[in-house]
$ cat protein_13.cif   # mmCIF, C-alpha atoms and all ligand atoms
data_final
loop_
_atom_site.label_atom_id
_atom_site.label_comp_id
_atom_site.auth_asym_id
_atom_site.auth_seq_id
_atom_site.Cartn_x
_atom_site.Cartn_y
_atom_site.Cartn_z
CA MET A 6 15.70 4.86 7.43
CA LEU A 7 18.94 6.01 6.00
CA PRO A 8 21.41 7.02 8.66
CA ASP A 9 22.93 10.08 7.07
CA ARG A 10 19.92 11.49 5.29
CA GLN A 11 18.29 14.49 6.85
CA GLU A 12 14.91 15.75 5.79
CA GLY A 13 15.15 19.01 3.90
CA LYS A 14 18.95 18.92 3.59
CA ALA A 15 20.93 18.60 0.42
CA ILE A 16 22.62 15.23 0.00
CA THR A 17 24.88 16.06 -2.92
CA MET A 18 27.77 17.58 -1.01
CA GLU A 19 30.15 14.63 -1.17
CA LYS A 20 32.67 14.32 -3.96
CA PRO A 21 31.37 12.23 -6.88
CA PHE A 22 34.17 9.62 -6.70
CA LYS A 23 33.43 9.11 -3.01
CA LEU A 24 29.78 8.49 -3.79
CA MET A 25 30.70 6.06 -6.56
CA GLU A 26 33.01 4.22 -4.22
CA ARG A 27 30.29 3.96 -1.58
CA ALA A 28 27.66 2.87 -4.10
CA SER A 29 29.85 -0.05 -5.15
CA LEU A 30 30.33 -1.27 -1.57
CA PRO A 31 27.96 -3.78 0.01
CA PRO A 32 24.98 -2.10 1.67
CA LYS A 33 25.09 -1.09 5.31
CA ASN A 34 22.26 -2.88 7.14
CA GLY A 35 20.83 -3.91 3.78
CA GLN A 36 20.47 -0.27 2.67
CA TYR A 37 22.43 1.60 0.06
CA LEU A 38 23.42 5.14 0.69
CA PRO A 39 21.60 7.64 -1.50
CA VAL A 40 23.15 8.99 -4.65
CA ALA A 41 21.07 12.01 -5.50
CA SER A 42 20.94 13.93 -8.74
CA PRO A 43 20.70 17.73 -8.75
CA PRO A 44 17.21 19.07 -8.18
CA PRO A 45 15.16 19.68 -11.30
CA THR A 46 13.89 23.13 -12.07
CA GLY A 47 10.21 22.18 -12.32
CA GLN A 48 7.92 20.46 -9.83
CA TYR A 49 8.70 16.95 -10.94
CA ALA A 50 11.38 15.21 -8.90
CA PRO A 51 13.02 12.23 -10.58
CA ILE A 52 14.31 9.48 -8.40
CA ALA A 53 18.02 8.69 -8.51
CA ASP A 54 19.15 5.56 -10.36
CA PRO A 55 19.59 2.63 -7.97
CA PRO A 56 22.78 0.63 -7.64
CA PRO A 57 22.42 -2.27 -10.13
CA GLN A 58 22.84 -4.99 -7.47
CA ILE A 59 19.44 -4.08 -5.96
CA GLU A 60 17.73 -4.40 -9.34
CA ARG A 61 18.95 -7.98 -9.64
CA GLN A 62 18.34 -9.16 -6.11
CA HIS A 63 15.19 -7.61 -4.79
CA PRO A 64 11.95 -9.65 -5.11
CA SER A 65 10.04 -6.58 -6.30
CA ILE A 66 12.27 -6.69 -9.38
CA ALA A 67 12.83 -10.44 -9.66
CA ASN A 68 9.23 -11.50 -9.05
CA PRO A 69 6.83 -8.56 -8.95
CA ILE A 70 3.13 -9.09 -8.28
CA ILE A 71 2.25 -5.39 -8.65
CA GLN A 72 3.88 -2.93 -11.01
CA ALA A 73 2.96 0.70 -11.58
CA LEU A 74 4.58 2.68 -14.34
CA LYS A 75 4.37 6.48 -14.46
CA VAL A 76 0.86 6.48 -13.08
CA VAL A 77 -0.94 9.82 -13.20
CA LYS A 78 -4.30 10.42 -11.54
CA VAL A 79 -5.99 13.81 -11.52
CA PHE A 80 -9.29 14.36 -9.74
CA ASP A 81 -11.33 16.84 -11.72
CA THR A 82 -14.13 18.34 -9.66
CA GLY A 83 -15.14 20.83 -12.38
CA LYS A 84 -13.85 23.84 -10.46
CA VAL A 85 -10.46 22.44 -9.53
CA LYS A 86 -8.11 19.72 -10.67
CA VAL A 87 -6.25 17.81 -8.00
CA PRO A 88 -3.16 15.98 -9.25
CA ALA A 89 -3.28 13.16 -6.69
CA LEU A 90 -0.67 10.94 -8.39
CA ARG A 91 2.05 12.60 -10.45
CA GLY A 92 3.99 9.88 -12.23
CA VAL A 93 4.21 7.06 -9.71
CA THR A 94 6.47 4.14 -10.60
CA LEU A 95 6.85 1.23 -8.22
CA ALA A 96 6.94 -2.54 -7.92
CA VAL A 97 5.96 -4.85 -5.08
CA GLY A 98 7.37 -8.36 -4.99
CA ARG A 99 5.28 -11.50 -4.56
CA GLY A 100 5.15 -12.23 -0.83
CA GLU A 101 6.47 -8.81 0.23
CA MET A 102 4.97 -6.86 3.13
CA VAL A 103 5.35 -3.16 2.42
CA ALA A 104 4.16 0.00 4.14
CA ILE A 105 3.19 3.18 2.31
CA MET A 106 3.70 6.27 4.44
CA GLY A 107 3.47 10.01 3.89
CA PRO A 108 1.64 13.16 4.97
CA SER A 109 -2.14 13.41 4.84
CA GLY A 110 -3.24 14.22 1.30
CA SER A 111 -0.04 12.92 -0.31
CA GLY A 112 -1.94 10.34 -2.39
CA LYS A 113 -1.60 7.07 -0.44
CA THR A 114 -5.26 6.01 -0.57
CA THR A 115 -5.50 7.09 -4.21
CA LEU A 116 -2.47 4.94 -5.03
CA LEU A 117 -3.96 1.92 -3.25
CA ASN A 118 -7.31 2.38 -5.04
CA CYS A 119 -5.59 2.70 -8.42
CA LEU A 120 -3.32 -0.32 -7.86
CA ALA A 121 -6.35 -2.42 -6.85
CA GLY A 122 -8.27 -1.27 -9.93
CA LEU A 123 -10.95 0.48 -7.85
CA GLU A 124 -10.09 3.81 -9.41
CA GLU A 125 -9.35 4.56 -13.08
CA ILE A 126 -6.00 6.15 -13.87
CA ASP A 127 -5.41 8.96 -16.37
CA THR A 128 -2.08 7.84 -17.82
CA GLY A 129 0.51 5.20 -17.08
CA GLN A 130 0.18 1.49 -16.59
CA ILE A 131 -0.68 -0.89 -13.75
CA ILE A 132 0.20 -4.54 -14.06
CA VAL A 133 -1.12 -6.98 -11.47
CA ASP A 134 0.10 -10.56 -11.58
CA GLY A 135 1.28 -10.08 -15.16
CA THR A 136 -1.98 -8.55 -16.45
CA ASP A 137 -2.40 -4.91 -17.41
CA ILE A 138 -5.58 -3.98 -15.53
CA ALA A 139 -6.54 -1.51 -18.27
CA THR A 140 -7.20 -4.54 -20.50
CA MET A 141 -9.75 -5.97 -18.05
CA ASN A 142 -13.41 -5.01 -18.30
CA ASP A 143 -15.34 -4.17 -15.11
CA LYS A 144 -16.71 -7.69 -14.71
CA THR A 145 -13.27 -9.32 -15.04
CA LYS A 146 -11.80 -6.77 -12.65
CA THR A 147 -14.50 -7.42 -10.04
CA GLU A 148 -14.03 -11.18 -10.36
CA TYR A 149 -10.26 -10.83 -10.14
CA ARG A 150 -10.62 -8.75 -6.99
CA ALA A 151 -13.04 -11.21 -5.38
CA ARG A 152 -10.69 -14.13 -6.03
CA HIS A 153 -7.23 -12.66 -5.57
CA MET A 154 -7.49 -9.53 -3.44
CA GLY A 155 -8.51 -8.79 0.13
CA PHE A 156 -9.33 -5.32 1.44
CA VAL A 157 -8.92 -3.95 4.94
CA PHE A 158 -10.33 -0.49 4.23
CA GLN A 159 -12.26 1.59 6.67
CA PHE A 160 -14.90 2.39 4.10
CA TYR A 161 -15.29 -1.31 3.36
CA ASN A 162 -17.73 -1.42 6.21
CA LEU A 163 -19.15 -4.58 7.60
CA LEU A 164 -22.80 -5.14 6.82
CA PRO A 165 -24.66 -4.36 10.04
CA VAL A 166 -27.51 -6.83 9.46
CA LEU A 167 -25.14 -9.76 9.05
CA SER A 168 -23.36 -11.61 11.85
CA ALA A 169 -19.55 -11.73 12.01
CA VAL A 170 -19.40 -15.12 10.29
CA GLU A 171 -21.90 -14.07 7.61
CA ASN A 172 -19.80 -10.98 6.89
CA VAL A 173 -16.65 -13.10 6.64
CA GLU A 174 -18.15 -15.70 4.30
CA LEU A 175 -19.54 -13.05 1.94
CA PRO A 176 -16.54 -12.95 -0.48
CA LEU A 177 -16.70 -16.75 -0.77
CA VAL A 178 -20.43 -16.75 -1.48
CA VAL A 179 -19.87 -14.03 -4.11
CA SER A 180 -17.17 -16.19 -5.74
CA GLY A 181 -19.59 -19.15 -5.93
CA VAL A 182 -18.29 -21.33 -3.08
CA ASN A 183 -21.12 -23.52 -1.71
CA THR A 184 -22.65 -22.41 1.58
CA LYS A 185 -21.39 -25.34 3.70
CA GLU A 186 -17.79 -24.91 2.61
CA ALA A 187 -18.05 -21.09 2.88
CA ARG A 188 -19.23 -21.39 6.50
CA GLU A 189 -16.45 -23.83 7.41
CA ARG A 190 -13.77 -21.64 5.88
CA ALA A 191 -15.19 -18.48 7.49
CA MET A 192 -15.14 -20.19 10.90
CA ARG A 193 -11.52 -21.28 10.38
CA VAL A 194 -10.43 -17.71 9.65
CA LEU A 195 -12.46 -16.35 12.58
CA ALA A 196 -10.58 -18.81 14.80
CA LEU A 197 -7.33 -17.43 13.39
CA VAL A 198 -8.28 -13.93 14.53
CA ARG A 199 -9.55 -15.34 17.85
CA LEU A 200 -13.20 -14.53 17.30
CA THR A 201 -14.79 -17.99 17.32
CA GLU A 202 -17.13 -17.21 20.17
CA TRP A 203 -18.19 -13.94 18.54
CA ALA A 204 -19.18 -15.53 15.21
CA ALA A 205 -22.92 -15.09 15.70
CA HIS A 206 -22.64 -11.49 16.88
CA LYS A 207 -23.49 -8.53 14.67
CA PRO A 208 -20.91 -5.73 14.19
CA ALA A 209 -22.76 -3.37 16.56
CA GLU A 210 -22.22 -5.88 19.38
CA LEU A 211 -18.44 -5.95 18.85
CA SER A 212 -15.66 -3.61 19.97
CA GLY A 213 -13.65 -1.56 17.44
CA GLY A 214 -10.74 -4.02 17.60
CA GLN A 215 -13.05 -7.02 17.20
CA ARG A 216 -14.76 -5.37 14.21
CA GLN A 217 -11.39 -4.68 12.63
CA ARG A 218 -10.45 -8.34 13.14
CA VAL A 219 -13.71 -9.36 11.39
CA THR A 220 -12.72 -7.06 8.50
CA ILE A 221 -9.31 -8.72 8.37
CA ALA A 222 -10.88 -12.20 8.51
CA ARG A 223 -13.13 -11.20 5.61
CA ALA A 224 -10.12 -9.90 3.67
CA LEU A 225 -8.25 -13.15 4.21
CA VAL A 226 -10.97 -15.77 3.85
CA ASN A 227 -10.43 -16.44 0.16
CA GLU A 228 -6.67 -16.60 0.69
CA PRO A 229 -6.00 -13.68 -1.63
CA ALA A 230 -2.60 -13.22 -3.21
CA ILE A 231 -2.68 -9.53 -2.28
CA VAL A 232 -4.10 -7.85 0.80
CA TRP A 233 -4.56 -4.06 0.65
CA ALA A 234 -4.89 -2.31 3.98
CA ASP A 235 -5.60 1.40 4.45
CA GLU A 236 -4.87 2.48 8.02
CA PRO A 237 -5.72 -0.97 9.42
CA THR A 238 -4.77 0.09 12.93
CA GLY A 239 -6.03 3.68 12.74
CA ASP A 240 -8.81 3.37 15.30
CA LEU A 241 -7.21 0.78 17.54
CA ASP A 242 -5.35 1.00 20.84
CA SER A 243 -1.66 0.15 20.59
CA GLU A 244 -2.04 -3.36 22.02
CA THR A 245 -4.78 -4.36 19.55
CA ALA A 246 -2.88 -2.65 16.72
CA ASP A 247 0.14 -4.74 17.62
CA GLU A 248 -1.94 -7.94 17.53
CA ILE A 249 -3.33 -7.08 14.10
CA ILE A 250 0.12 -6.43 12.63
CA THR A 251 1.47 -9.61 14.22
CA LEU A 252 -1.37 -11.52 12.57
CA MET A 253 -0.57 -9.96 9.19
CA GLN A 254 3.15 -10.69 9.58
CA ASP A 255 2.35 -14.27 10.47
CA LEU A 256 0.16 -14.76 7.40
CA ASN A 257 2.75 -13.10 5.24
CA THR A 258 5.49 -15.42 6.51
CA ARG A 259 3.46 -18.63 6.56
CA HIS A 260 1.32 -18.22 3.44
CA GLY A 261 3.48 -15.86 1.40
CA GLN A 262 0.60 -13.43 0.90
CA THR A 263 1.57 -9.94 -0.26
CA PHE A 264 0.57 -7.09 2.06
CA VAL A 265 0.46 -3.43 1.05
CA ILE A 266 -0.33 -1.35 4.13
CA VAL A 267 -0.97 2.39 4.17
CA THR A 268 -0.18 3.70 7.63
CA HIS A 269 0.64 6.84 9.59
CA ASP A 270 2.02 4.69 12.39
CA ALA A 271 5.82 4.50 12.31
CA GLY A 272 5.63 1.40 14.53
CA VAL A 273 3.57 -0.41 11.88
CA GLY A 274 5.95 0.77 9.15
CA ALA A 275 8.93 -0.55 11.09
CA ARG A 276 7.39 -4.02 11.17
CA CYS A 277 7.02 -4.17 7.40
CA GLN A 278 9.89 -5.33 5.18
CA ARG A 279 10.02 -2.02 3.33
CA ILE A 280 8.65 1.51 3.65
CA ILE A 281 7.60 3.42 0.53
CA LYS A 282 7.38 7.14 1.27
CA MET A 283 5.05 9.47 -0.62
CA ARG A 284 4.86 13.21 -0.83
CA ASP A 285 2.78 15.48 -3.02
CA GLY A 286 1.53 12.66 -5.29
CA GLN A 287 4.97 11.17 -5.85
CA ILE A 288 7.18 8.52 -4.32
CA ILE A 289 10.14 10.16 -2.68
CA ASP A 290 11.74 7.01 -1.28
CA ASP A 291 10.83 3.49 -2.36
CA GLY A 292 12.88 1.85 0.38
CA LEU A 293 15.26 0.34 -2.20
CA GLY A 294 17.69 3.19 -2.49
CA HIS A 295 15.71 5.25 -5.02
CA ILE A 296 15.46 8.61 -3.29
CA ALA A 297 14.25 11.93 -4.65
CA ASP A 298 16.09 15.08 -3.71
CA PRO A 299 14.21 16.63 -0.78
CA ARG A 300 14.99 20.14 -2.10
CA ALA A 301 12.48 19.51 -4.91
CA PHE A 302 9.67 19.49 -2.35
CA VAL A 303 8.32 22.38 -0.37
CA GLY A 304 5.31 22.76 1.88
CA ASP A 305 3.43 20.08 3.74
CA GLY A 306 3.50 17.34 1.09
CA GLN A 307 -0.18 17.46 0.13
CA ALA A 308 -1.37 17.39 -3.45
CA ARG A 309 -2.61 20.93 -4.17
CA PRO A 310 -5.72 21.71 -6.22
CA ILE A 311 -5.20 23.72 -9.41
CA VAL A 312 -8.01 26.23 -10.06
CA GLN A 313 -9.20 25.92 -13.67
N1 LIG A 401 -12.62 11.82 -4.98
C1 LIG A 401 -11.81 12.87 -4.93
N2 LIG A 401 -12.13 14.03 -5.55
C2 LIG A 401 -11.28 15.07 -5.52
N3 LIG A 401 -10.10 15.08 -4.90
C3 LIG A 401 -9.71 13.94 -4.27
C4 LIG A 401 -10.56 12.78 -4.25
N4 LIG A 401 -9.90 11.81 -3.54
C5 LIG A 401 -8.73 12.34 -3.15
N5 LIG A 401 -8.61 13.62 -3.59
C6 LIG A 401 -7.46 14.51 -3.38
O1 LIG A 401 -6.29 13.82 -3.77
C7 LIG A 401 -5.23 14.08 -2.88
C8 LIG A 401 -4.73 12.76 -2.32
O2 LIG A 401 -5.75 12.20 -1.50
P1 LIG A 401 -5.57 10.80 -0.75
O3 LIG A 401 -6.88 10.45 -0.14
O4 LIG A 401 -5.00 9.81 -1.71
O5 LIG A 401 -4.48 11.15 0.36
P2 LIG A 401 -3.91 10.28 1.55
O6 LIG A 401 -2.43 10.30 1.42
O7 LIG A 401 -4.58 8.95 1.58
O8 LIG A 401 -4.31 11.14 2.82
P3 LIG A 401 -4.76 10.66 4.30
O9 LIG A 401 -3.48 10.25 4.98
O10 LIG A 401 -5.34 11.89 4.91
O11 LIG A 401 -5.74 9.54 4.16
C9 LIG A 401 -5.78 15.03 -1.83
O12 LIG A 401 -5.39 16.34 -2.17
C10 LIG A 401 -7.27 14.86 -1.92
O13 LIG A 401 -7.94 16.05 -1.60
MG MG A 402 -5.89 8.01 2.95
#
$ encode --input "protein_13.cif" --output "structure tokens"
Amino acid sequence: MLPDRQEGKAITMEKPFKLMERASLPPKNGQYLPVASPPPTGQYAPIADPPPQIERQHPSIANPIIQALKVVKVFDTGKVKVPALRGVTLAVGRGEMVAIMGPSGSGKTTLLNCLAGLEEIDTGQIIVDGTDIATMNDKTKTEYRARHMGFVFQFYNLLPVLSAVENVELPLVVSGVNTKEARERAMRVLALVRLTEWAAHKPAELSGGQRQRVTIARALVNEPAIVWADEPTGDLDSETADEIITLMQDLNTRHGQTFVIVTHDAGVGARCQRIIKMRDGQIIDDGLGHIADPRAFVGDGQARPIVQ
């Protein structure tokens, strides 16, 4: 994203006064040039301080809907410990559409699960819509998710015995909406994803793209403030993938819903307002000018198990 940043190359070669001068100039194409600090000796790579103007202006700072502070998550399998998140700090603004990208195993899904309260964290803090999710009990968390969050996850499979419309209305029924209203709203969202005539069909009778659109309809039916998507276009051909992202962009623009999309597809990333890059359980670039020094990272970017 940044024109003069090259992966794996040091970015501290310019004279300090030159960097200061550049940091105080208006951003080029909305982006500030990186001001990196020297690499730390240990594994942990701090992110450089941002220019103060960004802090004031950006919606993720001015009006955040999701905030993570130094989040650590270690999977302990008994034999090994996998540090999947190693001090992740980030904010997403209300109404932002952001992509999370990074190598396989870098912690993207874990981050999404933790932010959505599906996974417990070890240390740190996650604040969603002003509430620290650690203060919520399981019941409150589940209710909050049903009312305010939508999920486009591949493991959030559609129920095979239910028709498309029955799958879509499920979150409404769970939140206590009466059946007549739930059906009407489900049909409206199915129309939005152009599946009206497929409403009575079961998932097995639909194509991969149609099934994914049912999943998206189900994620959107209760008009959630936040939609989490993990590889929403992973199994789709490029044309259908394009349609799905266009639909998400449209909803984001028209309804101001926040979208957090994990993707390996650079094309999808490019259509989001911001790309957050992960590596080895950390954020190396939050798309706001906070960039870790690439020399602090070696290898393929995966979180490595530690044998106990
Ligand atoms: N339930 C689990 N138990 C143990 N280790 C896990 C578990 N879930 C994830 N991990 C480990 O945590 C690290 C991060 O995994 P994660 O699924 O978040 O990566 P990812 O960035 O989503 O990768 P991909 O792009 O392949 O989906 C990996 O090393 C993975 O092996
Ligand atoms: Mg994943």
$ residues_near_ligand --input "protein_13.cif" --ligand "ligand MG 402 (chain A)" --cutoff "7 Å" --atoms "all atoms listed in the file" --output "list in words"
Ser109, Gly110, Lys113, Thr114 and Asp235 of chain A
$ closest_atom_pairs --input "protein_13.cif" --of "chain A" --to "ligand LIG 401 (chain A)" --cutoff "10 Å" --atoms "all atoms listed in the file" --output "Markdown table"
| residue | atom | partner | partner_atom | distance |
| --- | --- | --- | --- | --- |
| A:Lys78 | CA | A:LIG401 | O1 | 8.7 |
| A:Val79 | CA | A:LIG401 | O1 | 7.8 |
| A:Phe80 | CA | A:LIG401 | C2 | 4.7 |
| A:Asp81 | CA | A:LIG401 | C2 | 6.4 |
| A:Thr82 | CA | A:LIG401 | C2 | 6.0 |
| A:Gly83 | CA | A:LIG401 | C2 | 9.8 |
| A:Val85 | CA | A:LIG401 | C2 | 8.4 |
| A:Lys86 | CA | A:LIG401 | C2 | 7.6 |
| A:Val87 | CA | A:LIG401 | N3 | 5.6 |
| A:Pro88 | CA | A:LIG401 | O1 | 6.7 |
| A:Ala89 | CA | A:LIG401 | O1 | 4.2 |
| A:Leu90 | CA | A:LIG401 | C8 | 7.5 |
| A:Ile105 | CA | A:LIG401 | O6 | 9.1 |
| A:Met106 | CA | A:LIG401 | O6 | 7.9 |
| A:Gly107 | CA | A:LIG401 | O6 | 6.4 |
| A:Pro108 | CA | A:LIG401 | O9 | 5.9 |
| A:Ser109 | CA | A:LIG401 | O9 | 3.4 |
| A:Gly110 | CA | A:LIG401 | O5 | 3.4 |
| A:Ser111 | CA | A:LIG401 | O6 | 3.9 |
| A:Gly112 | CA | A:LIG401 | O4 | 3.2 |
| A:Lys113 | CA | A:LIG401 | O6 | 3.8 |
| A:Thr114 | CA | A:LIG401 | O7 | 3.7 |
| A:Thr115 | CA | A:LIG401 | O4 | 3.7 |
| A:Leu116 | CA | A:LIG401 | O4 | 6.4 |
| A:Leu117 | CA | A:LIG401 | O4 | 8.1 |
| A:Asn118 | CA | A:LIG401 | O4 | 8.5 |
| A:Cys119 | CA | A:LIG401 | O4 | 9.8 |
| A:Glu124 | CA | A:LIG401 | N1 | 9.5 |
| A:Asp235 | CA | A:LIG401 | O7 | 8.1 |
| A:Glu236 | CA | A:LIG401 | O11 | 8.1 |
| A:Val267 | CA | A:LIG401 | O7 | 7.9 |
| A:Thr268 | CA | A:LIG401 | O9 | 7.8 |
| A:His269 | CA | A:LIG401 | O9 | 7.1 |
| A:Met283 | CA | A:LIG401 | O6 | 7.8 |
| A:Arg284 | CA | A:LIG401 | O6 | 8.2 |
| A:Asp285 | CA | A:LIG401 | C8 | 8.0 |
| A:Gly286 | CA | A:LIG401 | C8 | 6.9 |
| A:Gly306 | CA | A:LIG401 | O6 | 9.2 |
| A:Gln307 | CA | A:LIG401 | O12 | 5.8 |
| A:Ala308 | CA | A:LIG401 | O12 | 4.3 |
| A:Arg309 | CA | A:LIG401 | O12 | 5.7 |
| A:Pro310 | CA | A:LIG401 | O12 | 6.7 |
$ write_last_selection --input "protein_13.cif" --atoms "C-alpha atoms" --output "CSV table (one decimal), keeping the file's coordinate frame"
chain,number,residue,atom,x,y,z
A,78,LYS,CA,-4.3,10.4,-11.5
A,79,VAL,CA,-6.0,13.8,-11.5
A,80,PHE,CA,-9.3,14.4,-9.7
A,81,ASP,CA,-11.3,16.8,-11.7
A,82,THR,CA,-14.1,18.3,-9.7
A,83,GLY,CA,-15.1,20.8,-12.4
A,85,VAL,CA,-10.5,22.4,-9.5
A,86,LYS,CA,-8.1,19.7,-10.7
A,87,VAL,CA,-6.2,17.8,-8.0
A,88,PRO,CA,-3.2,16.0,-9.2
A,89,ALA,CA,-3.3,13.2,-6.7
A,90,LEU,CA,-0.7,10.9,-8.4
A,105,ILE,CA,3.2,3.2,2.3
A,106,MET,CA,3.7,6.3,4.4
A,107,GLY,CA,3.5,10.0,3.9
A,108,PRO,CA,1.6,13.2,5.0
A,109,SER,CA,-2.1,13.4,4.8
A,110,GLY,CA,-3.2,14.2,1.3
A,111,SER,CA,0.0,12.9,-0.3
A,112,GLY,CA,-1.9,10.3,-2.4
A,113,LYS,CA,-1.6,7.1,-0.4
A,114,THR,CA,-5.3,6.0,-0.6
A,115,THR,CA,-5.5,7.1,-4.2
A,116,LEU,CA,-2.5,4.9,-5.0
A,117,LEU,CA,-4.0,1.9,-3.2
A,118,ASN,CA,-7.3,2.4,-5.0
A,119,CYS,CA,-5.6,2.7,-8.4
A,124,GLU,CA,-10.1,3.8,-9.4
A,235,ASP,CA,-5.6,1.4,4.4
A,236,GLU,CA,-4.9,2.5,8.0
A,267,VAL,CA,-1.0,2.4,4.2
A,268,THR,CA,-0.2,3.7,7.6
A,269,HIS,CA,0.6,6.8,9.6
A,283,MET,CA,5.0,9.5,-0.6
A,284,ARG,CA,4.9,13.2,-0.8
A,285,ASP,CA,2.8,15.5,-3.0
A,286,GLY,CA,1.5,12.7,-5.3
A,306,GLY,CA,3.5,17.3,1.1
A,307,GLN,CA,-0.2,17.5,0.1
A,308,ALA,CA,-1.4,17.4,-3.4
A,309,ARG,CA,-2.6,20.9,-4.2
A,310,PRO,CA,-5.7,21.7,-6.2
$ closest_residue --input "protein_13.cif" --among "A:Val97, A:Ala139, A:Leu293, A:Ala209" --to "Ala67 (chain A)" --atoms "only C-alpha atoms"
A:Val97
$ atom_distance --input "protein_13.cif" --atom1 "CA of Ile281 (chain A)" --atom2 "CA of Ala104 (chain A)"
6.0 Å
$ closest_residue --input "protein_13.cif" --among "A:Thr263, A:Val173, A:Gln217, A:Leu211" --to "Asn68 (chain A)" --atoms "only C-alpha atoms"
A:Thr263
$ atom_distance --input "protein_13.cif" --atom1 "CA of Asp242 (chain A)" --atom2 "CA of Asp305 (chain A)"
27.1 Å
$ residues_around --input "protein_13.cif" --residues "Asp137 (chain A)" --least-positions-apart "3" --cutoff "12 Å" --atoms "all atoms listed in the file" --output "PyMOL selection string"
chain A and resi 70-74+120-122+129-134+140-142+145-146
$ residues_around --input "protein_13.cif" --residues "region 218-226 of chain A" --least-positions-apart "6" --cutoff "9 Å" --atoms "only C-alpha atoms" --output "PyMOL selection string"
chain A and resi 154-159+161-163+169-170+172-177+187+190-191+193-195+197-200+208+232-234+237+249+253
$ atom_distance --input "protein_13.cif" --atom1 "CA of Pro64 (chain A)" --atom2 "CA of Ile289 (chain A)"
20.0 Å
$ closest_residue --input "protein_13.cif" --among "A:His63, A:Arg91, A:His153, A:Arg99" --to "Ile126 (chain A)" --atoms "all atoms listed in the file"
A:Arg91
$ residues_around --input "protein_13.cif" --residues "Gly272 (chain A)" --least-positions-apart "5" --cutoff "10 Å" --atoms "all atoms listed in the file" --output "list in words"
Ser243, Ala246, Asp247, Ile250 and Cys277 of chain A
$ write_last_selection --input "protein_13.cif" --atoms "C-alpha atoms" --output "mmCIF file, in the coordinates of the input"
data_model
loop_
_atom_site.group_PDB
_atom_site.id
_atom_site.type_symbol
_atom_site.label_atom_id
_atom_site.label_comp_id
_atom_site.auth_asym_id
_atom_site.auth_seq_id
_atom_site.Cartn_x
_atom_site.Cartn_y
_atom_site.Cartn_z
ATOM 1 C CA SER A 243 -1.660 0.150 20.590
ATOM 2 C CA ALA A 246 -2.880 -2.650 16.720
ATOM 3 C CA ASP A 247 0.140 -4.740 17.620
ATOM 4 C CA ILE A 250 0.120 -6.430 12.630
ATOM 5 C CA CYS A 277 7.020 -4.170 7.400
#
$ closest_residue --input "protein_13.cif" --among "A:Ile231, A:Ile138, A:Arg150, A:Asp290" --to "Pro69 (chain A)" --atoms "only C-alpha atoms"
A:Ile231
$ closest_residue --input "protein_13.cif" --among "A:Gln278, A:Thr94, A:Thr201, A:Asn227" --to "Asn257 (chain A)" --atoms "only C-alpha atoms"
A:Gln278
$ residues_around --input "protein_13.cif" --residues "Gln254 (chain A)" --least-positions-apart "2" --cutoff "12 Å" --atoms "only C-alpha atoms" --output "ChimeraX atom specification"
/A:100-103,232,247-252,256-266,273-278
